[in-house]
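These notes are about the structure you will find just below.
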2 protein chains.
Amino acid sequence: MDSKGAATRALILETAMRLFQERGYGKTTMRAIAEAAGVSVGNAYYYFASKEQLIQGFYDRLQADHLVAARLALVGETDLARRLGVVLKTWLDVAEPYHQFAAQFFVTAADPASPLSPFSSDSKEARDASIEIQVEAVYGASTKIDPKLRETLPELAWLGMMGLVLYWIHDTSAGRAKSYKLVDQCVPIAGKVVKLSRYPVAKAMIREVADICLEHGISPRIPKPPVRPDTSAK
Amino acid sequence: MDSKGAATRALILETAMRLFQERGYGKTTMRAIAEAAGVSVGNAYYYFASKEQLIQGFYDRLQADHLVAARLALVGETDLARRLGVVLKTWLDVAEPYHQFAAQFFVTAADPASPLSPFSSDSKEARDASIEIQVEAVYGASTKIDPKLRETLPELAWLGMMGLVLYWIHDTSAGRAKSYKLVDQCVPIAGKVVKLSRYPVAKAMIREVADICLEHGISPRIPKPPVRPDTSAK
DNA sequence: CCAACGACTTGAACGTGTTCAACATGGAGG
DNA sequence: CCTCCATGTTGAACACGTTCAAGTCGTTGG
């Protein structure tokens, strides 16, 4: 059994998350975390290579929570654009409690040199997982859609979500009301764009956009099975 | 005269910029800067509140250079989309020498708590200046365009430029070739979108987008004079 | 029971950004 | 010439993230 080490690791992570929420990331020192957890500073570094890495634990949990919440909320929703909106709104839901220090996190994650960067190869697994839910949202919809667009849409949606995250980070409105409203306003527009993709002129343009995304796409092509939402753990 | 202090300040800034380029931002210590400049550490902090603030000097210069370069390159170009492309490409030009440590800079600038954040009120002046060139690009074009779109376009273009910067930061291709290519590919699409804005269906949609941008717009409305490019200092 | 090994834990020490009380300088007013 | 004050300047000291040589502890093989 791996109980001893795993228990200490979990204890340190829990303590860190709690302090991060209480005081914010910047004002929480490694010494404070160690003291509050009843271990030594060096011990924390035995389990986490850096203060940043402590946050990877938070990130993983956030994403897992989002995946569950989004899958649940997607049930019964067949409209493509609304499905994408659901994915975004459930993210806002699960992320809300951590808004203050999540901002700090996503900032350090923006560093291309950081292993936490969503574009870094170190976090390929996490990124693929976060695109996975977009794939499910797209392929689980009944809305008719240009196949080429469908292929690129998950990545586009993921990029849009990154944009939303950026907006959300700077959103100081109560309960992040403005972020929710932004999603609500964008969803119908996304629906219209998808519908427009049937007209030849727009279709050509959208294909152009899709091509650019494929060429410059940040994520390597991931397999896109005609997914049936499935709540079993991976 | 303010020579003594100003001279020391300039000396420290120059030294810091040189070391940043030589060793990168992270590996350049305040002690090294002070030593290389022949002053004490405390003296550097007398002129710059933090290591980050040292970078504001670089940022101001970069932006001023971009403004000059873009205005020059805009002369004779009347097509709207191409004008926007010119603005983006001249930015890539002037930023290229600083790519390595500029990335570091833009990362810290992404922090909403940082005074360097493009969304922070502390840097309103810098942000307005960087939107200013977009205003000039839009209002100096001969291309016909929906007035409502025209009003929002500078901000949209600025947002697009932020996106390009994000892409550029992660761009490791030689000479940032991929970033240039991305601009080249996006310019014609932008042109088509603008043309589409004449058709009723697309027009309605574009107005919707414009409305959302106005409502959620990060920058307070800036006056938009029918600008004639003018190279006099502000 | 012992020895040895690996997993786990410790806290002092290092390099960093930053602060601060003290000092230097040089010009204005007496 | 002296005093005073603002401006500039200093370097030791602080708090932090991080490293590491040394230690503890439980388990395994003899």
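Residue numbering restarts at 1 for every chain of the structure tokens, chains are lettered A, B, ... in their displayed order, and ligands are numbered from 1 as they appear.
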
>> List as a ChimeraX atom specification the protein and nucleic acid residues near stretch 77-80 of chain A, meaning an atom at most 8 Å away when only C-alpha atoms (C1' of nucleotides) are counted, but skip any in the same chain fewer than 5 places from it.
In response: /A:137-138,140-143,191

Write to file, as a short mmCIF file (atom, residue, chain, number, x, y, z; two decimals), in the first residue's frame, the residues of the selection just made, with N, CA, C and O atoms.
```
data_model
loop_
_atom_site.label_atom_id
_atom_site.label_comp_id
_atom_site.auth_asym_id
_atom_site.auth_seq_id
_atom_site.Cartn_x
_atom_site.Cartn_y
_atom_site.Cartn_z
N ALA A 137 -19.23 17.58 -26.56
CA ALA A 137 -20.30 18.55 -26.77
C ALA A 137 -20.64 18.67 -28.25
O ALA A 137 -21.81 18.73 -28.64
N VAL A 138 -19.64 18.66 -29.10
CA VAL A 138 -19.85 18.83 -30.54
C VAL A 138 -20.47 17.58 -31.15
O VAL A 138 -21.48 17.65 -31.85
N GLY A 140 -21.98 15.13 -29.78
CA GLY A 140 -23.22 14.67 -29.16
C GLY A 140 -24.42 15.50 -29.58
O GLY A 140 -25.54 15.23 -29.14
N ALA A 141 -24.19 16.50 -30.44
CA ALA A 141 -25.29 17.39 -30.83
C ALA A 141 -26.00 16.85 -32.06
O ALA A 141 -25.41 16.16 -32.89
N SER A 142 -27.28 17.18 -32.16
CA SER A 142 -28.06 16.72 -33.30
C SER A 142 -28.05 17.75 -34.42
O SER A 142 -28.49 17.48 -35.53
N THR A 143 -27.55 18.95 -34.13
CA THR A 143 -27.53 20.02 -35.12
C THR A 143 -26.72 19.62 -36.34
O THR A 143 -25.65 19.05 -36.23
N GLY A 191 -24.61 29.84 -32.67
CA GLY A 191 -25.63 29.09 -33.38
C GLY A 191 -25.83 29.62 -34.79
O GLY A 191 -25.93 28.85 -35.75
#
```

Test item: chain C residues at most 10 Å from chain B, counting only C-alpha atoms (C1' of nucleotides), as a PDB file with C-alpha atoms (C1' of nucleotides), in the first residue's frame:
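Saved as iface.pdb:
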```
ATOM      1  C1'  DG C  15      20.044  33.137  -3.789  1.00  0.00           C
ATOM      2  C1'  DT C  16      16.541  36.094  -4.808  1.00  0.00           C
ATOM      3  C1'  DG C  17      13.410  40.509  -4.703  1.00  0.00           C
ATOM      4  C1'  DT C  18      12.520  44.033  -1.595  1.00  0.00           C
ATOM      5  C1'  DT C  19      12.776  47.346   2.478  1.00  0.00           C
ATOM      6  C1'  DC C  20      14.744  50.658   5.428  1.00  0.00           C
TER       7       DC C  20
END
```

>> Need to verify the contact set: stretch 85-96 of chain B, 7 Å, only C-alpha atoms (C1' of nucleotides), exclusion of same-chain residues closer than 5 positions in sequence. Can you return it as a ChimeraX atom specification?
In response: /B:62,65-66,69-70,73-74,161,180,183,187

> Which of stretch 22-84 of chain B counts as alpha helix (DSSP H) under DSSP, as a PyMOL selection string please?
Replying inline: chain B and resi 22-23+30-37+41-47+51-74+80-84

Residues of chain D that approach chain A to 12 Å or less, counting only C-alpha atoms (C1' of nucleotides): could you list each one with the shortest pair of atoms and its distance in Å to one decimal, rows by chain and increasing residue number, as a tab-separated table?
```
residue	atom	partner	partner_atom	distance
D:DA15	C1'	A:Thr29	CA	9.4
D:DC16	C1'	A:Thr29	CA	7.3
D:DG17	C1'	A:Met30	CA	7.5
D:DT18	C1'	A:Ser50	CA	7.9
D:DT19	C1'	A:Gly42	CA	8.7
D:DC20	C1'	A:Gly42	CA	9.3
D:DC25	C1'	A:Lys4	CA	11.6
D:DG26	C1'	A:Lys4	CA	10.7
```

>> Give me, as an MDAnalysis selection string, all polymer residues having an atom no more than 12 Å from C:DC2, counting only C-alpha atoms (C1' of nucleotides) and skipping those fewer than 6 positions away in the same chain.
In response: chainID D and resid 28:30

Given the selection you just returned, output its residues as a file containing all heavy atoms, formatted as a compact mmCIF listing (two decimals), in the first residue's frame.
```
# COMPACT_ATOMS: atom_id res chain seq x y z
P DT D 28 8.13 -6.16 3.71
OP1 DT D 28 6.83 -6.24 3.02
OP2 DT D 28 8.35 -6.92 4.96
O5' DT D 28 9.27 -6.58 2.66
C5' DT D 28 10.29 -5.64 2.29
C4' DT D 28 11.66 -6.30 2.28
O4' DT D 28 12.41 -5.93 3.50
C3' DT D 28 11.66 -7.82 2.24
O3' DT D 28 12.59 -8.26 1.28
C2' DT D 28 12.07 -8.23 3.66
C1' DT D 28 13.03 -7.08 4.01
N1 DT D 28 13.21 -6.85 5.48
C2 DT D 28 14.48 -6.57 5.93
O2 DT D 28 15.45 -6.51 5.22
N3 DT D 28 14.55 -6.36 7.30
C4 DT D 28 13.51 -6.40 8.22
O4 DT D 28 13.70 -6.20 9.40
C5 DT D 28 12.21 -6.70 7.67
C7 DT D 28 11.03 -6.79 8.57
C6 DT D 28 12.13 -6.92 6.33
P DG D 29 12.58 -9.79 0.79
OP1 DG D 29 12.43 -9.73 -0.67
OP2 DG D 29 11.64 -10.58 1.62
O5' DG D 29 14.07 -10.28 1.11
C5' DG D 29 15.18 -9.46 0.74
C4' DG D 29 16.44 -9.94 1.44
O4' DG D 29 16.40 -9.53 2.84
C3' DG D 29 16.64 -11.46 1.44
O3' DG D 29 18.01 -11.75 1.23
C2' DG D 29 16.19 -11.87 2.85
C1' DG D 29 16.62 -10.66 3.67
N9 DG D 29 15.83 -10.45 4.90
C8 DG D 29 14.48 -10.61 5.05
N7 DG D 29 14.07 -10.34 6.26
C5 DG D 29 15.24 -9.97 6.95
C6 DG D 29 15.41 -9.57 8.29
O6 DG D 29 14.57 -9.45 9.18
N1 DG D 29 16.76 -9.29 8.56
C2 DG D 29 17.77 -9.38 7.66
N2 DG D 29 18.99 -9.08 8.09
N3 DG D 29 17.62 -9.77 6.40
C4 DG D 29 16.33 -10.04 6.11
P DG D 30 18.55 -13.19 1.13
OP1 DG D 30 19.57 -13.17 0.06
OP2 DG D 30 17.39 -14.09 1.03
O5' DG D 30 19.29 -13.46 2.51
C5' DG D 30 20.54 -12.82 2.79
C4' DG D 30 20.90 -13.04 4.25
O4' DG D 30 19.84 -12.56 5.09
C3' DG D 30 21.09 -14.51 4.64
O3' DG D 30 22.49 -14.80 4.79
C2' DG D 30 20.37 -14.67 5.99
C1' DG D 30 19.90 -13.26 6.32
N9 DG D 30 18.55 -13.22 6.90
C8 DG D 30 17.36 -13.57 6.29
N7 DG D 30 16.33 -13.42 7.07
C5 DG D 30 16.86 -12.96 8.28
C6 DG D 30 16.22 -12.65 9.50
O6 DG D 30 15.01 -12.70 9.75
N1 DG D 30 17.14 -12.22 10.45
C2 DG D 30 18.49 -12.12 10.26
N2 DG D 30 19.21 -11.70 11.28
N3 DG D 30 19.11 -12.42 9.13
C4 DG D 30 18.23 -12.84 8.19
```

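Distance annotation: of A:Leu11, A:Cys213, A:Ala32, A:Ala44, the residue with the minimal separation from chain B is A:Cys213; atom set is only C-alpha atoms.
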
>> Counting only C-alpha atoms, which residue out of A:Met205, A:Glu22, A:Lys148, A:Tyr46 sits closest to B:Val193?
In response: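 Smallest distance to B:Val193 is found for A:Met205.
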
>> Could you tell me how far atom CA of A:Pro97 sits from atom CA of A:Tyr59, in Å to one decimal place?
In response: 13.1 Å

>> For a test of reading the model, state the distance in Å between atom CA of A:Ala37 and atom CA of A:His99, rounded to one decimal.
In response: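 Computing the Euclidean distance for atom CA of A:Ala37 and atom CA of A:His99 yields 23.4 Å.
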
> What's the 12 Å shell around A:Phe20, counting only C-alpha atoms (C1' of nucleotides), without same-chain residues fewer than 6 positions away, as a list of chain:residue names?
Replying inline: A:Ile12, A:Leu13, A:Glu14, A:Gly26, A:Lys27, A:Thr28, A:Thr29, A:Met30, A:Ala32, A:Ile33, A:Lys51, A:Glu52, A:Leu54, A:Ile55, A:Phe58, A:Pro97, A:Tyr98, A:His99, A:Gln100, A:Phe101, A:Ala102, A:Ala103, A:Gln104, A:Phe105
